[in-house]
>>> print(open('start35.pdb').read())   # PDB, C-alpha atoms
ATOM      1  CA  MET A   1      -5.353  30.020 -36.517  1.00  0.00           C
ATOM      2  CA  ASN A   2      -7.852  31.685 -34.245  1.00  0.00           C
ATOM      3  CA  PHE A   3      -7.140  31.478 -30.478  1.00  0.00           C
ATOM      4  CA  LYS A   4     -10.687  30.212 -29.755  1.00  0.00           C
ATOM      5  CA  ILE A   5     -10.248  27.326 -32.184  1.00  0.00           C
ATOM      6  CA  TRP A   6      -6.970  26.319 -30.531  1.00  0.00           C
ATOM      7  CA  LEU A   7      -8.607  26.525 -27.134  1.00  0.00           C
ATOM      8  CA  PHE A   8     -11.510  24.376 -28.323  1.00  0.00           C
ATOM      9  CA  LEU A   9      -9.151  21.758 -29.801  1.00  0.00           C
ATOM     10  CA  LEU A  10      -7.074  21.675 -26.638  1.00  0.00           C
ATOM     11  CA  ALA A  11     -10.179  21.321 -24.442  1.00  0.00           C
ATOM     12  CA  SER A  12     -11.444  18.494 -26.691  1.00  0.00           C
ATOM     13  CA  LEU A  13      -8.135  16.664 -26.366  1.00  0.00           C
ATOM     14  CA  PHE A  14      -8.185  16.881 -22.567  1.00  0.00           C
ATOM     15  CA  ALA A  15     -11.816  15.746 -22.492  1.00  0.00           C
ATOM     16  CA  GLN A  16     -10.880  12.663 -24.530  1.00  0.00           C
ATOM     17  CA  LEU A  17      -8.002  11.867 -22.176  1.00  0.00           C
ATOM     18  CA  SER A  18     -10.117  12.320 -19.071  1.00  0.00           C
ATOM     19  CA  ILE A  19     -12.704   9.749 -20.197  1.00  0.00           C
ATOM     20  CA  ALA A  20     -10.147   7.079 -21.121  1.00  0.00           C
ATOM     21  CA  ALA A  21     -10.843   3.638 -19.743  1.00  0.00           C
ATOM     22  CA  GLU A  22      -9.305   2.750 -16.431  1.00  0.00           C
ATOM     23  CA  LEU A  23      -8.383  -0.599 -14.877  1.00  0.00           C
ATOM     24  CA  LYS A  24     -10.338  -1.259 -11.682  1.00  0.00           C
ATOM     25  CA  ASN A  25      -9.208  -3.393  -8.722  1.00  0.00           C
ATOM     26  CA  LEU A  26     -11.561  -5.976  -7.225  1.00  0.00           C
ATOM     27  CA  SER A  27     -11.694  -7.902  -3.982  1.00  0.00           C
ATOM     28  CA  PRO A  28     -12.755 -11.572  -4.131  1.00  0.00           C
ATOM     29  CA  GLU A  29     -16.249 -10.592  -2.962  1.00  0.00           C
ATOM     30  CA  GLN A  30     -16.548  -7.940  -5.676  1.00  0.00           C
ATOM     31  CA  LEU A  31     -15.392 -10.490  -8.274  1.00  0.00           C
ATOM     32  CA  LEU A  32     -18.161 -12.871  -7.203  1.00  0.00           C
ATOM     33  CA  ASP A  33     -20.743 -10.077  -7.370  1.00  0.00           C
ATOM     34  CA  LEU A  34     -19.682  -9.014 -10.872  1.00  0.00           C
ATOM     35  CA  GLN A  35     -19.495 -12.626 -12.007  1.00  0.00           C
ATOM     36  CA  GLN A  36     -23.160 -13.036 -11.017  1.00  0.00           C
ATOM     37  CA  ASN A  37     -23.901 -10.128 -13.374  1.00  0.00           C
ATOM     38  CA  ASN A  38     -22.397 -11.818 -16.441  1.00  0.00           C
ATOM     39  CA  ALA A  39     -18.771 -10.689 -16.101  1.00  0.00           C
ATOM     40  CA  LEU A  40     -16.188 -12.767 -17.967  1.00  0.00           C
ATOM     41  CA  VAL A  41     -13.509 -14.047 -15.562  1.00  0.00           C
ATOM     42  CA  VAL A  42     -10.237 -14.765 -17.379  1.00  0.00           C
ATOM     43  CA  ASP A  43      -7.388 -16.595 -15.644  1.00  0.00           C
ATOM     44  CA  ILE A  44      -4.163 -15.544 -17.382  1.00  0.00           C
ATOM     45  CA  ARG A  45      -1.811 -17.779 -15.383  1.00  0.00           C
ATOM     46  CA  THR A  46       0.205 -20.686 -16.758  1.00  0.00           C
ATOM     47  CA  GLU A  47      -1.041 -24.249 -17.022  1.00  0.00           C
ATOM     48  CA  LYS A  48       1.316 -25.260 -14.223  1.00  0.00           C
ATOM     49  CA  GLU A  49      -0.290 -22.639 -11.954  1.00  0.00           C
ATOM     50  CA  TRP A  50      -3.798 -23.815 -12.844  1.00  0.00           C
ATOM     51  CA  GLN A  51      -2.831 -27.371 -11.953  1.00  0.00           C
ATOM     52  CA  ALA A  52      -1.246 -26.312  -8.662  1.00  0.00           C
ATOM     53  CA  THR A  53      -4.221 -24.373  -7.285  1.00  0.00           C
ATOM     54  CA  GLY A  54      -7.236 -24.967  -9.498  1.00  0.00           C
ATOM     55  CA  VAL A  55      -9.219 -22.105 -11.007  1.00  0.00           C
ATOM     56  CA  ILE A  56     -12.202 -19.964 -10.104  1.00  0.00           C
ATOM     57  CA  ALA A  57     -15.495 -21.589 -11.128  1.00  0.00           C
ATOM     58  CA  ASP A  58     -17.038 -20.243 -14.341  1.00  0.00           C
ATOM     59  CA  SER A  59     -13.754 -18.740 -15.498  1.00  0.00           C
ATOM     60  CA  TYR A  60     -11.841 -19.070 -18.758  1.00  0.00           C
ATOM     61  CA  LYS A  61      -8.210 -20.067 -18.936  1.00  0.00           C
ATOM     62  CA  LEU A  62      -6.329 -17.854 -21.399  1.00  0.00           C
ATOM     63  CA  GLN A  63      -2.636 -17.867 -20.541  1.00  0.00           C
ATOM     64  CA  PHE A  64      -1.023 -14.532 -21.412  1.00  0.00           C
ATOM     65  CA  PHE A  65       2.679 -14.957 -20.545  1.00  0.00           C
ATOM     66  CA  ASP A  66       4.521 -18.190 -21.291  1.00  0.00           C
ATOM     67  CA  ASN A  67       6.951 -19.762 -18.821  1.00  0.00           C
ATOM     68  CA  LYS A  68       9.709 -17.445 -20.054  1.00  0.00           C
ATOM     69  CA  GLY A  69       7.637 -14.274 -19.807  1.00  0.00           C
ATOM     70  CA  ARG A  70       6.973 -13.985 -23.535  1.00  0.00           C
ATOM     71  CA  TYR A  71       3.578 -13.168 -25.003  1.00  0.00           C
ATOM     72  CA  ASP A  72       1.701 -12.604 -28.226  1.00  0.00           C
ATOM     73  CA  ALA A  73      -0.722  -9.807 -27.327  1.00  0.00           C
ATOM     74  CA  LYS A  74      -2.464  -9.786 -30.710  1.00  0.00           C
ATOM     75  CA  LYS A  75      -3.199 -13.528 -30.671  1.00  0.00           C
ATOM     76  CA  TRP A  76      -4.278 -13.420 -27.025  1.00  0.00           C
ATOM     77  CA  LEU A  77      -6.591 -10.469 -27.660  1.00  0.00           C
ATOM     78  CA  GLU A  78      -8.238 -12.330 -30.557  1.00  0.00           C
ATOM     79  CA  GLN A  79      -8.893 -15.305 -28.256  1.00  0.00           C
ATOM     80  CA  LEU A  80     -10.270 -13.014 -25.552  1.00  0.00           C
ATOM     81  CA  LYS A  81     -12.665 -11.297 -27.941  1.00  0.00           C
ATOM     82  CA  LYS A  82     -14.090 -14.698 -28.938  1.00  0.00           C
ATOM     83  CA  GLN A  83     -15.101 -15.296 -25.316  1.00  0.00           C
ATOM     84  CA  ARG A  84     -16.676 -11.893 -24.723  1.00  0.00           C
ATOM     85  CA  VAL A  85     -20.429 -11.884 -25.489  1.00  0.00           C
ATOM     86  CA  SER A  86     -20.564  -8.108 -26.032  1.00  0.00           C
ATOM     87  CA  GLU A  87     -18.225  -5.123 -26.074  1.00  0.00           C
ATOM     88  CA  ASN A  88     -19.763  -3.963 -22.791  1.00  0.00           C
ATOM     89  CA  GLN A  89     -19.352  -7.258 -20.936  1.00  0.00           C
ATOM     90  CA  PRO A  90     -17.058  -6.722 -17.943  1.00  0.00           C
ATOM     91  CA  ILE A  91     -13.791  -8.656 -18.031  1.00  0.00           C
ATOM     92  CA  ILE A  92     -12.059  -9.664 -14.799  1.00  0.00           C
ATOM     93  CA  LEU A  93      -8.432 -10.760 -15.089  1.00  0.00           C
ATOM     94  CA  VAL A  94      -6.899 -13.172 -12.581  1.00  0.00           C
ATOM     95  CA  CYS A  95      -3.280 -14.152 -11.945  1.00  0.00           C
ATOM     96  CA  ARG A  96      -1.324 -15.428  -8.933  1.00  0.00           C
ATOM     97  CA  SER A  97      -0.572 -12.148  -7.134  1.00  0.00           C
ATOM     98  CA  GLY A  98      -2.310  -9.429  -9.154  1.00  0.00           C
ATOM     99  CA  GLN A  99       0.861  -8.162 -10.810  1.00  0.00           C
ATOM    100  CA  ARG A 100       0.421  -9.775 -14.241  1.00  0.00           C
ATOM    101  CA  SER A 101      -3.335  -9.141 -14.325  1.00  0.00           C
ATOM    102  CA  SER A 102      -2.639  -5.489 -13.570  1.00  0.00           C
ATOM    103  CA  MET A 103      -0.178  -5.266 -16.470  1.00  0.00           C
ATOM    104  CA  VAL A 104      -2.511  -7.038 -18.896  1.00  0.00           C
ATOM    105  CA  GLY A 105      -5.459  -4.955 -17.685  1.00  0.00           C
ATOM    106  CA  SER A 106      -3.499  -1.765 -18.291  1.00  0.00           C
ATOM    107  CA  PHE A 107      -2.699  -2.996 -21.794  1.00  0.00           C
ATOM    108  CA  LEU A 108      -6.404  -3.653 -22.464  1.00  0.00           C
ATOM    109  CA  THR A 109      -7.552  -0.268 -21.175  1.00  0.00           C
ATOM    110  CA  GLN A 110      -4.735   1.953 -22.405  1.00  0.00           C
ATOM    111  CA  GLN A 111      -3.648   0.357 -25.669  1.00  0.00           C
ATOM    112  CA  ALA A 112      -6.551  -1.785 -26.790  1.00  0.00           C
ATOM    113  CA  GLY A 113      -9.044   0.897 -25.704  1.00  0.00           C
ATOM    114  CA  MET A 114     -11.334  -1.543 -23.906  1.00  0.00           C
ATOM    115  CA  ASP A 115     -13.817  -0.574 -21.182  1.00  0.00           C
ATOM    116  CA  ASN A 116     -15.120  -2.513 -18.184  1.00  0.00           C
ATOM    117  CA  ILE A 117     -11.781  -4.128 -17.389  1.00  0.00           C
ATOM    118  CA  TYR A 118     -11.084  -5.295 -13.840  1.00  0.00           C
ATOM    119  CA  HIS A 119      -8.499  -7.425 -12.098  1.00  0.00           C
ATOM    120  CA  LEU A 120      -8.504  -9.452  -8.913  1.00  0.00           C
ATOM    121  CA  GLN A 121      -6.313  -7.466  -6.550  1.00  0.00           C
ATOM    122  CA  LYS A 122      -3.694  -9.733  -4.948  1.00  0.00           C
ATOM    123  CA  GLY A 123      -4.850 -12.498  -7.282  1.00  0.00           C
ATOM    124  CA  MET A 124      -5.319 -16.148  -6.450  1.00  0.00           C
ATOM    125  CA  ASN A 125      -3.110 -15.722  -3.390  1.00  0.00           C
ATOM    126  CA  LEU A 126      -5.837 -13.680  -1.698  1.00  0.00           C
ATOM    127  CA  TRP A 127      -8.644 -15.793  -3.189  1.00  0.00           C
ATOM    128  CA  LEU A 128      -7.172 -18.951  -1.639  1.00  0.00           C
ATOM    129  CA  LYS A 129      -6.217 -17.232   1.615  1.00  0.00           C
ATOM    130  CA  GLN A 130      -9.868 -16.256   2.063  1.00  0.00           C
ATOM    131  CA  GLY A 131     -10.929 -19.860   1.476  1.00  0.00           C
ATOM    132  CA  LYS A 132     -12.821 -19.179  -1.741  1.00  0.00           C
ATOM    133  CA  MET A 133     -13.762 -22.194  -3.862  1.00  0.00           C
ATOM    134  CA  VAL A 134     -11.751 -23.412  -6.845  1.00  0.00           C
ATOM    135  CA  LYS A 135     -12.332 -26.094  -9.449  1.00  0.00           C
ATOM    136  CA  LYS A 136      -9.748 -28.688 -10.395  1.00  0.00           C
ATOM    137  CA  ASP A 137     -11.900 -30.934 -12.580  1.00  0.00           C
ATOM    138  CA  CYS A 138     -11.791 -28.689 -15.654  1.00  0.00           C
ATOM    139  CA  LEU A 139      -8.082 -28.175 -16.149  1.00  0.00           C
ATOM    140  CA  ASN A 140      -8.119 -29.768 -19.622  1.00  0.00           C
ATOM    141  CA  LYS A 141     -10.911 -27.447 -20.833  1.00  0.00           C
ATOM    142  CA  LEU A 142     -10.899 -23.789 -21.853  1.00  0.00           C
ATOM    143  CA  ALA A 143     -13.845 -22.950 -19.601  1.00  0.00           C
ATOM    144  CA  CYS A 144     -14.310 -24.133 -16.024  1.00  0.00           C
ATOM    145  CA  LYS A 145     -18.069 -24.443 -15.693  1.00  0.00           C
TER     146      LYS A 145
END
>>> encode(input="start35.pdb", output="structure tokens")
Amino acid sequence: MNFKIWLFLLASLFAQLSIAAELKNLSPEQLLDLQQNNALVVDIRTEKEWQATGVIADSYKLQFFDNKGRYDAKKWLEQLKKQRVSENQPIILVCRSGQRSSMVGSFLTQQAGMDNIYHLQKGMNLWLKQGKMVKKDCLNKLACK
């Protein structure tokens, strides 16, 4: 095969890799700003965690890991897609410390090929430490409006 064709194919491959989606970290203030612009906030913690601290207003509760650390990524992704109003709608993931939301966010960007994925850096720990508001009256509902 011609050297120029190989070079073109190689350059195309690197271009594709360089524009791959990337998970972005958010502060609580940045989360609130994006949420005002129609971002979907998804709390991936367990029910026990939601009950202990409450949840961010206007967020959706979609537990990713069960109490034993197991998950069904395909089923969870189907549920997530039902909540998203468009493929371009930003999604902000929330967990207790930011570790799980980072892992799930990486899955969404790297393996599910999704764009506009964010996570709350340091999670609900930082949210609560900064005195941000939570809701506790919606724990039996999917959405906390």
>>> resolve_selection(input="start35.pdb", expression="the PyMOL selection byres ((chain A and resi 84) around 12)", output="MDAnalysis selection string")
chainID A and resid 38:42 59:60 77:83 85:92 114 116:117
>>> resolve_selection(input="start35.pdb", expression="the PyMOL selection byres ((chain A and resi 129-131) around 12)", output="JSON, numbers by chain")
{"A": [27, 28, 29, 53, 56, 96, 97, 122, 123, 124, 125, 126, 127, 128, 132, 133, 134]}
>>> residues_around(input="start35.pdb", residues="Val104 (chain A)", least_positions_apart="4", cutoff="10 Å", atoms="all atoms listed in the file", output="ChimeraX atom specification")
/A:23,44,64-65,73,93-95,99-100,108-110,117,119
>>> atom_distance(input="start35.pdb", atom1="CA of Gly105 (chain A)", atom2="CA of Gln63 (chain A)")
13.5 Å
>>> closest_residue(input="start35.pdb", among="A:Glu22, A:Lys74, A:Tyr118, A:Asn140", to="Leu34 (chain A)", atoms="only C-alpha atoms")
A:Tyr118
>>> atom_distance(input="start35.pdb", atom1="CA of Cys138 (chain A)", atom2="CA of Glu47 (chain A)")
11.7 Å
>>> closest_residue(input="start35.pdb", among="A:Ser101, A:Asn67, A:Asn37, A:Thr46", to="Asn25 (chain A)", atoms="only C-alpha atoms")
A:Ser101
>>> atom_distance(input="start35.pdb", atom1="CA of Lys141 (chain A)", atom2="CA of Lys61 (chain A)")
8.1 Å
>>> decode(input="start35.pdb", residues="region 90-125 of chain A", atoms="N, CA and C atoms", output="CSV table (one decimal), in the first residue's frame")
chain,number,residue,atom,x,y,z
A,90,PRO,N,-26.2,18.0,28.9
A,90,PRO,CA,-25.1,17.6,29.8
A,90,PRO,C,-25.6,16.7,31.0
A,91,ILE,N,-24.8,15.8,31.4
A,91,ILE,CA,-25.1,14.9,32.5
A,91,ILE,C,-24.1,15.1,33.6
A,92,ILE,N,-24.5,15.4,34.8
A,92,ILE,CA,-23.6,15.6,35.9
A,92,ILE,C,-23.9,14.4,36.9
A,93,LEU,N,-22.9,13.6,37.2
A,93,LEU,CA,-22.9,12.5,38.1
A,93,LEU,C,-22.5,12.9,39.5
A,94,VAL,N,-23.2,12.4,40.5
A,94,VAL,CA,-22.9,12.7,41.9
A,94,VAL,C,-22.9,11.4,42.7
A,95,CYS,N,-21.8,11.3,43.5
A,95,CYS,CA,-21.8,10.2,44.5
A,95,CYS,C,-21.3,10.9,45.8
A,96,ARG,N,-20.9,10.0,46.8
A,96,ARG,CA,-20.5,10.5,48.1
A,96,ARG,C,-19.2,11.3,48.0
A,97,SER,N,-18.1,10.8,47.4
A,97,SER,CA,-16.8,11.4,47.5
A,97,SER,C,-16.2,11.8,46.1
A,98,GLY,N,-16.9,11.4,45.0
A,98,GLY,CA,-16.4,11.7,43.7
A,98,GLY,C,-15.7,10.5,43.0
A,99,GLN,N,-15.5,9.5,43.8
A,99,GLN,CA,-14.8,8.3,43.3
A,99,GLN,C,-15.7,7.5,42.3
A,100,ARG,N,-16.8,7.1,42.8
A,100,ARG,CA,-17.7,6.3,41.9
A,100,ARG,C,-18.2,7.1,40.7
A,101,SER,N,-18.5,8.4,40.9
A,101,SER,CA,-19.0,9.2,39.8
A,101,SER,C,-17.9,9.4,38.8
A,102,SER,N,-16.7,9.4,39.2
A,102,SER,CA,-15.6,9.5,38.3
A,102,SER,C,-15.5,8.2,37.4
A,103,MET,N,-15.6,7.0,38.1
A,103,MET,CA,-15.6,5.7,37.4
A,103,MET,C,-16.7,5.6,36.4
A,104,VAL,N,-17.9,6.0,36.8
A,104,VAL,CA,-19.1,5.8,36.0
A,104,VAL,C,-19.0,6.9,34.8
A,105,GLY,N,-18.5,8.0,35.1
A,105,GLY,CA,-18.3,9.1,34.1
A,105,GLY,C,-17.3,8.6,33.0
A,106,SER,N,-16.2,8.0,33.5
A,106,SER,CA,-15.2,7.4,32.5
A,106,SER,C,-15.9,6.3,31.7
A,107,PHE,N,-16.7,5.5,32.3
A,107,PHE,CA,-17.4,4.5,31.5
A,107,PHE,C,-18.3,5.2,30.4
A,108,LEU,N,-19.0,6.2,30.8
A,108,LEU,CA,-19.9,6.9,29.8
A,108,LEU,C,-19.1,7.5,28.7
A,109,THR,N,-18.0,8.1,29.0
A,109,THR,CA,-17.3,8.8,28.0
A,109,THR,C,-16.4,7.9,27.1
A,110,GLN,N,-15.8,6.9,27.7
A,110,GLN,CA,-14.8,6.1,27.0
A,110,GLN,C,-15.4,4.9,26.4
A,111,GLN,N,-16.5,4.3,27.0
A,111,GLN,CA,-17.0,3.0,26.5
A,111,GLN,C,-18.4,3.2,25.9
A,112,ALA,N,-19.2,4.1,26.4
A,112,ALA,CA,-20.5,4.4,25.9
A,112,ALA,C,-20.4,5.5,24.8
A,113,GLY,N,-19.3,6.2,24.7
A,113,GLY,CA,-19.1,7.2,23.7
A,113,GLY,C,-20.0,8.5,23.9
A,114,MET,N,-20.3,8.8,25.1
A,114,MET,CA,-21.2,9.9,25.4
A,114,MET,C,-20.4,11.2,25.6
A,115,ASP,N,-21.0,12.3,25.2
A,115,ASP,CA,-20.4,13.6,25.3
A,115,ASP,C,-21.1,14.4,26.5
A,116,ASN,N,-20.5,15.5,26.9
A,116,ASN,CA,-21.1,16.4,27.9
A,116,ASN,C,-21.3,15.6,29.2
A,117,ILE,N,-20.3,14.9,29.6
A,117,ILE,CA,-20.4,14.2,30.9
A,117,ILE,C,-19.5,14.8,31.9
A,118,TYR,N,-20.1,15.1,33.1
A,118,TYR,CA,-19.4,15.8,34.2
A,118,TYR,C,-19.6,15.0,35.5
A,119,HIS,N,-18.8,15.3,36.5
A,119,HIS,CA,-19.1,14.7,37.8
A,119,HIS,C,-18.7,15.7,38.9
A,120,LEU,N,-19.4,15.7,40.0
A,120,LEU,CA,-19.2,16.6,41.1
A,120,LEU,C,-17.9,16.1,41.8
A,121,GLN,N,-16.9,16.9,41.6
A,121,GLN,CA,-15.6,16.6,42.3
A,121,GLN,C,-15.8,16.6,43.8
A,122,LYS,N,-15.3,15.6,44.4
A,122,LYS,CA,-15.4,15.4,45.9
A,122,LYS,C,-16.8,15.2,46.4
A,123,GLY,N,-17.7,15.0,45.4
A,123,GLY,CA,-19.1,14.5,45.7
A,123,GLY,C,-19.9,15.3,46.7
A,124,MET,N,-20.8,14.5,47.3
A,124,MET,CA,-21.7,15.1,48.3
A,124,MET,C,-21.0,15.6,49.6
A,125,ASN,N,-19.8,15.0,49.8
A,125,ASN,CA,-19.0,15.4,51.0
A,125,ASN,C,-18.7,16.9,50.8
